[in-house]
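Text of target10.txt (compact mmCIF, C-alpha atoms and all ligand atoms) as supplied:
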```txt
# COMPACT_ATOMS: atom_id res chain seq x y z
CA MET A 1 -22.56 49.72 15.33
CA SER A 2 -21.22 47.70 18.25
CA TYR A 3 -22.29 44.16 19.07
CA PHE A 4 -20.55 44.18 22.45
CA PRO A 5 -21.45 47.71 23.61
CA ASP A 6 -20.66 47.04 27.27
CA ILE A 7 -17.24 45.51 26.69
CA PRO A 8 -14.22 47.79 26.46
CA LYS A 9 -11.08 47.12 24.48
CA ILE A 10 -9.08 44.82 26.74
CA GLN A 11 -5.89 46.44 28.03
CA TYR A 12 -3.00 45.25 30.15
CA GLU A 13 -3.45 46.53 33.71
CA GLY A 14 -1.01 44.23 35.52
CA PRO A 15 -1.30 41.66 38.32
CA GLY A 16 -2.86 44.13 40.78
CA SER A 17 -5.89 44.87 38.61
CA LYS A 18 -9.32 43.71 39.74
CA ASN A 19 -10.92 44.61 36.41
CA PRO A 20 -12.34 41.44 34.82
CA PHE A 21 -12.02 43.08 31.39
CA ALA A 22 -8.27 43.64 31.66
CA PHE A 23 -5.18 41.50 31.22
CA LYS A 24 -3.31 40.82 34.45
CA GLN A 25 -0.41 38.95 32.84
CA TYR A 26 -0.57 39.36 29.08
CA ASP A 27 1.22 42.54 28.12
CA PRO A 28 1.37 42.32 24.30
CA ASN A 29 4.42 44.56 24.05
CA ALA A 30 6.47 43.14 26.93
CA ILE A 31 9.71 41.64 25.64
CA ILE A 32 10.71 38.13 26.67
CA GLU A 33 13.79 36.43 25.22
CA GLY A 34 14.05 39.19 22.63
CA LYS A 35 10.47 39.01 21.32
CA SER A 36 7.21 40.63 22.32
CA MET A 37 4.60 38.45 23.98
CA ARG A 38 2.32 39.13 21.07
CA GLU A 39 4.88 37.69 18.65
CA HIS A 40 5.58 34.70 20.87
CA PHE A 41 1.96 33.58 21.08
CA ARG A 42 0.41 34.49 17.75
CA PHE A 43 -2.98 34.01 19.46
CA ALA A 44 -5.87 32.95 17.28
CA ALA A 45 -9.61 32.69 17.92
CA ALA A 46 -11.62 29.77 16.55
CA TYR A 47 -14.55 30.94 14.43
CA TRP A 48 -16.46 27.73 15.17
CA HIS A 49 -16.44 28.25 18.91
CA VAL A 50 -16.74 32.04 19.11
CA MET A 51 -19.42 32.48 16.45
CA ARG A 52 -21.05 29.11 15.86
CA ASN A 53 -21.04 27.21 19.11
CA GLY A 54 -24.47 27.48 20.74
CA LEU A 55 -23.10 25.46 23.70
CA SER A 56 -25.43 22.50 23.27
CA ASP A 57 -24.38 19.14 24.69
CA PRO A 58 -25.67 15.58 24.09
CA PHE A 59 -28.40 16.19 26.68
CA GLY A 60 -29.59 19.67 25.88
CA GLY A 61 -29.88 22.36 23.25
CA PRO A 62 -28.02 25.61 22.82
CA THR A 63 -27.91 28.19 25.60
CA ALA A 64 -25.55 30.83 24.17
CA LEU A 65 -27.05 34.27 23.72
CA MET A 66 -26.19 35.59 20.26
CA PRO A 67 -28.49 38.56 19.77
CA TRP A 68 -26.83 39.40 16.45
CA ASP A 69 -27.62 36.00 14.91
CA ASP A 70 -31.05 35.48 13.28
CA GLN A 71 -30.39 31.70 13.27
CA SER A 72 -30.98 31.55 9.51
CA ASN A 73 -28.73 29.79 7.01
CA SER A 74 -28.53 32.96 4.92
CA VAL A 75 -25.45 34.61 3.51
CA ASP A 76 -26.57 37.88 5.11
CA ASN A 77 -26.50 36.28 8.52
CA ALA A 78 -23.03 34.90 7.76
CA LEU A 79 -21.79 38.34 6.70
CA LYS A 80 -23.11 39.87 9.90
CA ARG A 81 -21.41 37.22 12.01
CA ALA A 82 -18.11 38.17 10.38
CA ASP A 83 -18.59 41.76 11.59
CA VAL A 84 -19.33 40.56 15.11
CA PHE A 85 -16.27 38.31 15.04
CA PHE A 86 -13.94 41.10 13.95
CA GLU A 87 -15.22 43.34 16.74
CA PHE A 88 -14.42 40.46 19.09
CA LEU A 89 -10.88 40.17 17.65
CA ASP A 90 -10.39 43.91 17.93
CA LYS A 91 -11.55 44.10 21.56
CA THR A 92 -9.50 41.11 22.72
CA GLY A 93 -6.42 42.10 20.75
CA ILE A 94 -6.26 38.64 19.16
CA ASP A 95 -4.36 38.92 15.87
CA TYR A 96 -5.31 35.68 14.10
CA TYR A 97 -8.28 33.44 13.49
CA CYS A 98 -9.04 29.96 12.18
CA PHE A 99 -12.14 28.60 10.46
CA HIS A 100 -13.85 25.69 8.76
CA ASP A 101 -15.48 26.59 5.46
CA ARG A 102 -18.93 25.82 6.90
CA ASP A 103 -18.39 28.01 9.99
CA ILE A 104 -18.00 31.15 7.97
CA ALA A 105 -20.49 30.42 5.18
CA PRO A 106 -23.59 28.23 4.95
CA GLU A 107 -23.74 24.84 3.29
CA LEU A 108 -26.51 25.17 0.67
CA GLU A 109 -28.38 22.74 -1.62
CA THR A 110 -25.54 22.23 -4.10
CA LEU A 111 -21.78 22.49 -3.95
CA ALA A 112 -21.93 25.30 -6.50
CA ALA A 113 -24.27 27.29 -4.26
CA SER A 114 -22.12 26.60 -1.19
CA ASN A 115 -19.01 27.69 -3.09
CA ALA A 116 -20.71 30.90 -4.19
CA ALA A 117 -21.72 31.66 -0.60
CA LEU A 118 -18.17 30.96 0.57
CA ASP A 119 -16.89 33.34 -2.05
CA LYS A 120 -19.18 36.14 -0.89
CA VAL A 121 -18.25 35.71 2.74
CA THR A 122 -14.51 35.52 2.03
CA ASP A 123 -14.79 38.75 0.01
CA HIS A 124 -16.14 40.35 3.15
CA LEU A 125 -13.56 38.71 5.43
CA LEU A 126 -10.82 39.97 3.16
CA ASP A 127 -12.16 43.52 3.50
CA LEU A 128 -12.34 43.14 7.27
CA GLN A 129 -8.77 41.78 7.38
CA LYS A 130 -7.52 44.71 5.30
CA ALA A 131 -9.31 47.22 7.51
CA THR A 132 -8.05 45.74 10.79
CA GLY A 133 -4.75 43.96 10.06
CA LYS A 134 -6.13 40.69 11.48
CA LYS A 135 -4.83 37.53 9.79
CA LEU A 136 -5.85 33.98 9.05
CA LEU A 137 -3.70 31.44 10.91
CA TRP A 138 -5.25 28.50 9.10
CA GLY A 139 -8.31 27.38 7.25
CA THR A 140 -9.88 23.96 6.96
CA ALA A 141 -12.85 22.17 5.44
CA CYS A 142 -15.58 20.73 7.64
CA LEU A 143 -15.59 17.11 6.50
CA PHE A 144 -17.52 15.68 9.44
CA SER A 145 -20.87 17.45 10.04
CA HIS A 146 -22.89 16.72 6.92
CA PRO A 147 -24.60 13.26 6.87
CA ARG A 148 -22.72 12.41 3.64
CA TYR A 149 -19.57 12.22 5.79
CA ALA A 150 -21.10 9.95 8.42
CA GLN A 151 -18.77 7.11 7.29
CA GLY A 152 -15.75 9.28 6.63
CA ALA A 153 -14.62 11.77 3.98
CA GLY A 154 -11.12 10.88 2.74
CA THR A 155 -11.74 7.42 4.19
CA SER A 156 -15.34 6.98 3.09
CA PRO A 157 -16.22 3.60 1.58
CA SER A 158 -17.85 5.64 -1.19
CA ALA A 159 -15.61 7.05 -3.92
CA ASP A 160 -18.27 9.67 -4.65
CA VAL A 161 -18.14 10.93 -1.09
CA PHE A 162 -14.32 11.05 -1.30
CA ALA A 163 -14.64 13.10 -4.48
CA TYR A 164 -17.14 15.48 -2.85
CA ALA A 165 -14.77 15.94 0.09
CA ALA A 166 -11.88 16.60 -2.29
CA ALA A 167 -13.94 19.24 -4.07
CA GLN A 168 -14.70 20.83 -0.72
CA VAL A 169 -11.00 20.80 0.21
CA LYS A 170 -10.22 22.53 -3.08
CA ALA A 171 -12.69 25.32 -2.32
CA ALA A 172 -11.46 25.66 1.27
CA MET A 173 -7.85 25.88 0.03
CA ASP A 174 -8.89 28.54 -2.50
CA ALA A 175 -10.53 30.48 0.34
CA THR A 176 -7.46 30.09 2.56
CA LEU A 177 -5.16 31.31 -0.21
CA LYS A 178 -7.45 34.27 -0.95
CA LEU A 179 -7.32 35.32 2.71
CA GLY A 180 -3.55 34.94 2.96
CA GLY A 181 -3.86 32.02 5.38
CA GLU A 182 -0.55 30.91 6.85
CA GLY A 183 -1.63 27.29 7.12
CA TYR A 184 -4.19 24.68 6.17
CA THR A 185 -5.29 21.99 8.63
CA PHE A 186 -6.65 18.48 8.26
CA TRP A 187 -8.48 17.19 11.31
CA GLY A 188 -10.12 13.90 10.47
CA GLY A 189 -12.94 13.54 12.94
CA ARG A 190 -14.55 10.79 10.92
CA GLU A 191 -11.38 9.51 9.26
CA GLY A 192 -11.38 6.32 11.30
CA TYR A 193 -13.88 3.61 11.99
CA SER A 194 -16.82 2.72 14.13
CA THR A 195 -16.29 -1.04 13.77
CA LEU A 196 -13.56 -3.05 12.04
CA LEU A 197 -16.20 -5.57 10.91
CA ASN A 198 -17.07 -3.34 7.96
CA THR A 199 -13.72 -1.59 7.46
CA ASP A 200 -10.93 -2.12 4.94
CA MET A 201 -8.31 -0.24 6.94
CA LYS A 202 -5.47 -0.47 4.42
CA ARG A 203 -7.62 0.88 1.63
CA GLU A 204 -8.94 3.70 3.81
CA LEU A 205 -5.42 4.73 4.81
CA ASP A 206 -4.32 4.71 1.16
CA HIS A 207 -7.26 6.95 0.32
CA LEU A 208 -6.56 9.36 3.16
CA ALA A 209 -2.98 9.69 1.94
CA ALA A 210 -4.26 10.20 -1.61
CA MET A 211 -6.41 13.09 -0.35
CA LEU A 212 -3.41 14.75 1.29
CA HIS A 213 -1.24 14.26 -1.82
CA LEU A 214 -3.98 15.83 -3.94
CA ALA A 215 -3.97 18.83 -1.60
CA VAL A 216 -0.19 19.14 -1.72
CA ASP A 217 -0.24 19.04 -5.53
CA TYR A 218 -3.06 21.56 -5.69
CA ALA A 219 -1.17 23.92 -3.36
CA LYS A 220 1.72 23.92 -5.85
CA LYS A 221 -0.67 24.58 -8.69
CA ILE A 222 -2.30 27.62 -7.08
CA GLY A 223 0.82 28.95 -5.33
CA PHE A 224 -0.31 28.27 -1.78
CA THR A 225 2.91 28.25 0.24
CA GLY A 226 1.34 28.00 3.70
CA GLN A 227 2.04 25.12 6.04
CA PHE A 228 -0.12 21.98 5.99
CA TYR A 229 -1.03 20.51 9.36
CA ILE A 230 -2.52 17.28 10.61
CA GLU A 231 -4.31 17.54 13.94
CA PRO A 232 -4.12 14.28 15.89
CA LYS A 233 -7.03 12.99 17.97
CA PRO A 234 -7.59 9.37 18.96
CA ARG A 235 -11.40 9.19 18.83
CA GLU A 236 -14.63 11.15 19.09
CA PRO A 237 -16.69 11.15 17.01
CA SER A 238 -15.17 7.96 15.52
CA THR A 239 -14.34 4.99 17.74
CA HIS A 240 -10.80 5.09 16.44
CA GLN A 241 -9.33 7.95 14.45
CA TYR A 242 -6.36 7.05 12.22
CA ASP A 243 -4.51 10.26 13.17
CA SER A 244 -4.65 9.13 16.78
CA ASP A 245 -1.57 10.81 18.25
CA SER A 246 1.70 12.47 17.24
CA ALA A 247 3.53 9.18 16.77
CA ALA A 248 0.75 7.65 14.64
CA CYS A 249 0.56 10.77 12.47
CA LEU A 250 4.31 10.85 11.95
CA ASN A 251 4.35 7.20 10.95
CA PHE A 252 1.49 7.78 8.52
CA LEU A 253 3.15 10.83 6.98
CA ARG A 254 6.46 8.98 6.63
CA GLU A 255 4.87 5.86 5.15
CA TYR A 256 3.09 7.87 2.48
CA GLY A 257 5.91 10.29 1.67
CA LEU A 258 4.15 13.30 3.14
CA LEU A 259 6.46 14.28 5.97
CA ASP A 260 8.10 17.10 4.00
CA HIS A 261 4.74 18.77 3.50
CA PHE A 262 3.06 18.43 6.90
CA LYS A 263 3.56 19.46 10.47
CA LEU A 264 1.35 18.70 13.44
CA ASN A 265 -1.26 20.95 15.02
CA LEU A 266 -1.45 19.61 18.56
CA GLU A 267 -4.41 20.05 20.87
CA THR A 268 -4.17 19.50 24.60
CA ASN A 269 -7.53 17.79 25.04
CA HIS A 270 -6.74 15.41 22.18
CA ALA A 271 -3.47 14.47 23.87
CA THR A 272 -5.43 13.73 27.04
CA LEU A 273 -7.89 11.54 25.14
CA ALA A 274 -4.93 9.66 23.66
CA GLY A 275 -3.66 8.95 27.17
CA HIS A 276 -0.75 11.36 26.80
CA THR A 277 0.22 14.69 28.26
CA MET A 278 0.48 17.65 25.93
CA LEU A 279 4.15 17.75 26.85
CA HIS A 280 4.53 14.20 25.52
CA GLU A 281 2.80 15.02 22.24
CA MET A 282 4.87 18.17 21.76
CA THR A 283 8.10 16.34 22.60
CA VAL A 284 7.36 13.61 20.04
CA ALA A 285 6.54 16.19 17.36
CA LEU A 286 9.53 18.40 18.11
CA ALA A 287 11.93 15.45 17.95
CA ALA A 288 10.76 14.88 14.37
CA ASN A 289 10.96 18.60 13.56
CA ALA A 290 7.21 18.49 12.95
CA LEU A 291 5.82 20.70 15.70
CA GLY A 292 3.76 23.27 13.86
CA SER A 293 0.91 24.82 15.78
CA VAL A 294 -1.16 24.42 18.93
CA ASP A 295 -4.89 24.24 19.53
CA ALA A 296 -4.91 25.69 23.02
CA ASN A 297 -7.44 24.22 25.42
CA GLN A 298 -7.62 21.70 28.23
CA GLY A 299 -9.81 18.78 29.16
CA ASP A 300 -11.51 17.68 32.32
CA GLU A 301 -10.13 14.57 34.00
CA LEU A 302 -13.60 13.65 35.22
CA ILE A 303 -15.30 13.77 31.82
CA GLY A 304 -14.04 11.39 29.17
CA TRP A 305 -14.60 13.55 26.13
CA ASP A 306 -13.20 16.54 24.28
CA THR A 307 -14.59 19.21 26.60
CA ASP A 308 -12.43 21.91 24.92
CA GLN A 309 -12.16 24.05 28.04
CA PHE A 310 -10.18 27.23 28.13
CA PRO A 311 -6.60 26.67 29.27
CA THR A 312 -6.20 27.93 32.84
CA ASP A 313 -3.73 25.40 34.23
CA ILE A 314 -0.41 27.17 34.75
CA TYR A 315 1.58 23.90 34.80
CA LEU A 316 0.12 23.12 31.39
CA THR A 317 0.78 26.53 29.83
CA THR A 318 4.28 26.48 31.31
CA SER A 319 5.07 23.11 29.74
CA ILE A 320 3.67 24.21 26.38
CA MET A 321 5.73 27.40 26.39
CA MET A 322 8.87 25.50 27.44
CA LYS A 323 8.54 23.46 24.25
CA VAL A 324 7.67 26.46 22.08
CA LEU A 325 10.75 28.31 23.35
CA GLU A 326 12.88 25.19 22.88
CA MET A 327 11.69 25.05 19.28
CA GLY A 328 12.76 28.66 18.78
CA GLY A 329 9.19 29.96 18.57
CA PHE A 330 6.33 29.49 16.14
CA THR A 331 6.90 30.22 12.47
CA THR A 332 3.61 29.70 10.63
CA GLY A 333 1.82 28.33 13.69
CA GLY A 334 0.38 29.93 16.78
CA LEU A 335 -1.88 29.36 19.78
CA ASN A 336 -5.41 28.87 18.53
CA PHE A 337 -8.05 28.85 21.27
CA ASP A 338 -9.93 25.78 20.14
CA ALA A 339 -11.96 26.15 23.30
CA LYS A 340 -15.52 26.77 24.28
CA ARG A 341 -17.27 28.22 27.28
CA ARG A 342 -19.20 25.92 29.57
CA ARG A 343 -22.88 25.60 28.72
CA GLU A 344 -23.64 27.58 31.88
CA SER A 345 -21.55 30.55 30.64
CA HIS A 346 -24.02 31.67 28.03
CA GLU A 347 -23.60 35.44 27.97
CA PRO A 348 -21.47 37.25 25.38
CA ALA A 349 -19.31 38.65 28.20
CA ASP A 350 -18.25 35.07 28.98
CA LEU A 351 -16.55 34.88 25.57
CA PHE A 352 -14.30 37.67 26.77
CA HIS A 353 -13.63 36.27 30.24
CA ALA A 354 -12.70 32.95 28.65
CA HIS A 355 -10.21 34.35 26.16
CA ILE A 356 -8.73 36.86 28.61
CA GLY A 357 -8.14 33.99 31.04
CA GLY A 358 -6.51 31.83 28.40
CA MET A 359 -4.23 34.63 27.24
CA ASP A 360 -3.24 35.47 30.82
CA ALA A 361 -2.59 31.81 31.61
CA PHE A 362 -0.26 31.58 28.61
CA ALA A 363 1.45 34.83 29.55
CA ARG A 364 2.22 33.40 32.98
CA GLY A 365 3.36 30.17 31.37
CA LEU A 366 5.72 32.07 29.08
CA LYS A 367 7.20 34.12 31.94
CA ILE A 368 7.70 30.99 34.04
CA ALA A 369 9.17 28.97 31.16
CA SER A 370 11.58 31.75 30.33
CA ALA A 371 12.63 32.09 33.98
CA ILE A 372 13.28 28.34 34.21
CA ARG A 373 15.44 28.59 31.09
CA ALA A 374 17.34 31.61 32.43
CA ASP A 375 17.94 29.78 35.72
CA GLY A 376 19.52 26.94 33.77
CA ARG A 377 19.44 24.26 36.48
CA LEU A 378 16.91 22.08 34.68
CA ALA A 379 18.77 22.11 31.36
CA ASP A 380 22.09 21.59 33.16
CA PHE A 381 20.68 18.56 34.95
CA VAL A 382 19.49 16.98 31.71
CA ALA A 383 22.79 17.73 29.95
CA LYS A 384 24.73 16.19 32.82
CA ARG A 385 22.43 13.14 32.90
CA TYR A 386 23.48 12.29 29.35
CA SER A 387 27.10 13.44 29.61
CA SER A 388 28.49 9.89 29.33
CA TRP A 389 27.55 10.16 25.64
CA ASP A 390 29.76 13.19 25.11
CA SER A 391 33.08 11.30 25.14
CA GLY A 392 34.52 7.79 25.36
CA ILE A 393 32.35 4.82 24.50
CA GLY A 394 29.17 6.96 24.31
CA ALA A 395 30.60 9.32 21.70
CA LYS A 396 31.82 6.36 19.65
CA ILE A 397 28.37 4.73 19.71
CA GLU A 398 26.66 8.00 18.76
CA ALA A 399 29.16 8.48 15.92
CA LYS A 400 28.50 4.88 14.80
CA SER A 401 32.28 4.37 14.80
CA ILE A 402 32.33 1.23 16.93
CA SER A 403 31.08 -2.30 16.28
CA LEU A 404 29.16 -4.67 18.53
CA ASP A 405 32.24 -6.88 19.20
CA GLU A 406 34.41 -3.82 19.96
CA ILE A 407 31.77 -2.66 22.47
CA ALA A 408 31.78 -6.12 24.06
CA THR A 409 35.60 -6.05 24.37
CA HIS A 410 35.37 -2.62 26.01
CA VAL A 411 32.81 -3.87 28.54
CA LEU A 412 34.91 -6.93 29.44
CA SER A 413 37.71 -4.66 30.66
CA SER A 414 35.44 -2.10 32.39
CA PRO A 415 33.91 -2.03 35.88
CA GLU A 416 30.15 -2.58 36.45
CA PRO A 417 28.28 0.58 35.30
CA THR A 418 26.78 2.90 37.92
CA ILE A 419 23.94 5.31 37.29
CA ALA A 420 22.99 8.52 39.06
CA SER A 421 19.56 9.28 40.50
CA GLY A 422 16.93 10.64 38.11
CA ARG A 423 16.00 13.20 40.80
CA GLN A 424 12.38 13.49 39.67
CA GLU A 425 11.17 14.95 42.96
CA LEU A 426 13.99 17.47 43.09
CA LEU A 427 13.12 18.61 39.57
CA GLU A 428 9.41 18.84 40.38
CA ASN A 429 10.32 21.01 43.35
CA LEU A 430 12.50 23.13 41.10
CA ILE A 431 9.57 23.77 38.72
CA ASN A 432 7.41 24.76 41.70
CA GLU A 433 9.99 27.36 42.70
CA PHE A 434 8.93 29.24 39.58
CA ILE A 435 5.18 28.60 39.39
C1 LIG A 501 -12.08 18.77 17.09
C2 LIG A 501 -10.97 19.51 16.51
C3 LIG A 501 -11.38 20.55 15.49
C4 LIG A 501 -10.20 20.97 14.67
C5 LIG A 501 -10.53 21.64 13.40
O1 LIG A 501 -11.96 18.07 18.09
O2 LIG A 501 -10.22 20.07 17.54
O3 LIG A 501 -12.00 21.61 16.10
O4 LIG A 501 -9.35 21.79 15.40
O5 LIG A 501 -11.25 20.82 12.55
NI NI A 502 -8.67 21.48 17.30
NI NI A 503 -10.78 19.19 19.68
```
Can you turn what I pasted into structure tokens?
Ligand code: XLS
Ligand code: NI
Ligand code: NI
Amino acid sequence: MSYFPDIPKIQYEGPGSKNPFAFKQYDPNAIIEGKSMREHFRFAAAYWHVMRNGLSDPFGGPTALMPWDDQSNSVDNALKRADVFFEFLDKTGIDYYCFHDRDIAPELETLAASNAALDKVTDHLLDLQKATGKKLLWGTACLFSHPRYAQGAGTSPSADVFAYAAAQVKAAMDATLKLGGEGYTFWGGREGYSTLLNTDMKRELDHLAAMLHLAVDYAKKIGFTGQFYIEPKPREPSTHQYDSDSAACLNFLREYGLLDHFKLNLETNHATLAGHTMLHEMTVALAANALGSVDANQGDELIGWDTDQFPTDIYLTTSIMMKVLEMGGFTTGGLNFDAKRRRESHEPADLFHAHIGGMDAFARGLKIASAIRADGRLADFVAKRYSSWDSGIGAKIEAKSISLDEIATHVLSSPEPTIASGRQELLENLINEFI
């Protein structure tokens, strides 16, 4: 039984191909810097967008055609969706996936019933994984859709809601462990506030940290050795989200003694909403050795929300792959297409066009990033720009082997400092040589 009977298995045909169902740039087996493209990217598909996003927006209902879905909240429907999803993974050649508990299985009248449904669906997912070799990049709990979470989950003013959320995290971690998930993500869509008038921020932050510590302790208890991630986002749906950007997350993790247990899962559109570039967010995370995984998408400069578009901007994919290569590649993380089609792209074929385009855009980004590294001029420029720190007064300051008064004495007997041009335009031109 095929749910996408008209779609072939997507193959690499090269830049000359005019076949919309072929890769023009992404050749999974091509070797770059000693690793296949497939290993570099560790592409993942997001269950919530591929299977559960009907493409509604605040002004109109769903448009996506999903002929396989009977729109019921039944476990049978959920099991069938899993089959459709694995055919999608097979045809696109995407090796990993990510989910929220409530994407894969329905939320029912009681937690016990929801847990039982989750168990049934994960049994089936495990079978599908074994049959296909597909893997779970990370799992997470949906702690933002149900009305009980309207005022937060880990940061709810209600201790009972916190406890419910914790119980849901436990079940989602059990599911992630069962499926061999390589990570577990916390994205706190409602872990923030709508107004400070009714908010005890300090208490909410303490509670959020308590939730994460509970998860870390539970991971030890059940033998979950995957990587924990926090996914920063500044707002939407909350007015202010506590995990607003890389720097805020790192400060939070440090303050609450969690930095050893968490890395960041960075999403381009969230960086944009925070007023940063993705390159900025990745640079901040990498400097703290906390760059874990990437939710690959892009925003629209003309729309001020998380439009989650498929990444097609080659400058963007190049900058992301420059950082991934600089880091030495992903370990537990990967590139998860947390991206949805436009509401106008409602046919199943559009799911394929979207992912093919994203994979090709990243393949070009990887080739360009690797060529820029091989060329060496950019790295040489940066090294030279800081070379005054390699010897003399700079080396002494870096080594902390000189005092403030010794520095002052040195300056009194030295000429006025000169600095070289930052050469921004030259470097921008250099990047364009490769794009
Ligand atoms: C929403 C987030 C969400 C997380 C997973 O903006 O990107 O999809 O990735 O909860
Ligand atoms: Ni995301
Ligand atoms: Ni998002």
Quiz item: Which residues form the shell of 9 Å around ligand NI 502 (chain A) when you count all atoms listed in the file, given as a list of chain:residue names?
Solution: A:Ala46, A:Trp187, A:Glu231, A:Pro232, A:Lys233, A:Asn265, A:Leu266, A:Glu267, A:Thr268, A:Asn269, A:His270, A:Val294, A:Asp295, A:Ala296, A:Asn297, A:Asp308, A:Asn336, A:Phe337, A:Asp338, A:Ala339
Exercise. Quick one: everything within 10 Å of Asp200 in chain A, counting all atoms listed in the file, minus sequence neighbours fewer than 5 positions away in the same chain. Send it as a list in words.
Key: Thr155, Pro157, Tyr193 and Leu205 of chain A
Exercise. In Å, rounded to a single decimal, give me how far CA of Gly181 in chain A is from CA of Leu136 in chain A.
Key: 4.6 Å
Quiz item: What gap, in Å, lies between CA of Asn53 in chain A and CA of Phe21 in chain A?
Solution: 22.0 Å
Quiz item: From the list A:Asp101, A:Asp83, A:Asp300, A:Asp95, which residue is nearest ligand LIG 501 (chain A) when using all atoms listed in the file?
Solution: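 Using all atoms listed in the file, the shortest distance to ligand LIG 501 (chain A) belongs to A:Asp101.
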Calculate, to one decimal in Å, the centre and edge lengths of the box along x, y and z of the file that holds all listed atoms of ligand LIG 501 (chain A) with 6 Å of margin on each side, and present them as JSON.
```
{"center_x": -10.7, "center_y": 19.9, "center_z": 15.3, "size_x": 14.7, "size_y": 15.7, "size_z": 17.5}
```
Quiz prompt | Of the listed residues A:Arg235, A:Lys134, A:His280, A:Arg42, that which approaches ligand NI 503 (chain A) most closely, counting all atoms listed in the file | solution = A:Arg235
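For the choices A:Gly304, A:Gly358, A:Gly365, A:Gly226, the atom-to-atom distance to Gly333 in chain A is smallest for A:Gly226 when using all atoms listed in the file.
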Practice problem: Would you kindly return, as a list in words, each protein, DNA or RNA residue with an atom no farther than 7 Å from any atom of Glu191 in chain A, considering all atoms listed in the file and excluding same-chain residues fewer than 3 positions away? | Solution: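 The neighbour list is Gly152, Ala153, Gly154, Thr155, Gly188, Gln241 and Tyr242 of chain A.
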Exercise. Excluding Lys340 in chain A and residues on its chain fewer than 2 positions from it, collect all residues at most 7 Å away from it, counting all atoms listed in the file, and give them as a ChimeraX atom specification.
Key: /A:49,308-310,342
Quiz prompt | Straight-line distance linking CA of Leu273 in chain A with CA of Pro234 in chain A, stated in Å to one decimal | solution =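 Separating CA of Leu273 in chain A from CA of Pro234 in chain A is a distance of 6.6 Å.
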Quiz item: Between A:Gly357, A:Pro348, A:Gly394, A:Gly60, which one has atoms that come closest to Thr317 in chain A, using only C-alpha atoms?
Solution: A:Gly357
Quiz item: Which of these, A:Ser388, A:Thr239, A:Thr312, A:Thr307, has the shortest distance to ligand NI 503 (chain A) once you count only C-alpha atoms and all ligand atoms?
Solution: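 The shortest atom-to-atom distance to ligand NI 503 (chain A) comes from A:Thr307.
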Practice problem: Using only C-alpha atoms and all ligand atoms, find the one residue out of A:Asp360, A:Asp6, A:Asp69, A:Glu236 that sits nearest to ligand NI 503 (chain A). | Solution: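 The shortest atom-to-atom distance to ligand NI 503 (chain A) comes from A:Glu236.
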Quiz prompt | Spatial neighbours of Pro58 in chain A, max dist 12 Å, all atoms listed in the file, sep filter under 4 positions, as a PyMOL selection string | solution = chain A and resi 62+305+307+343
Quiz item: Within 12 Å of range 112-125 of chain A, counting all atoms listed in the file, which residues qualify if same-chain residues fewer than 4 places away don't, as a PyMOL selection string?
Solution: chain A and resi 47+73-86+97-108+129-136+139+141+164+167-181
Exercise. Would you list the residues near (12.4, 30.5, 29.4), meaning any protein, DNA or RNA residue with an atom at most 10 Å from that point in file coordinates, counting all atoms listed in the file, as a list in words?
Key: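 Residues found, by chain and rising number: Ile32, Glu33, Thr318, Met321, Met322, Lys323, Val324, Leu325, Glu326, Gly365, Leu366, Lys367, Ile368, Ala369, Ser370, Ala371, Ile372, Arg373, Ala374, Asp375 and Gly376 of chain A.
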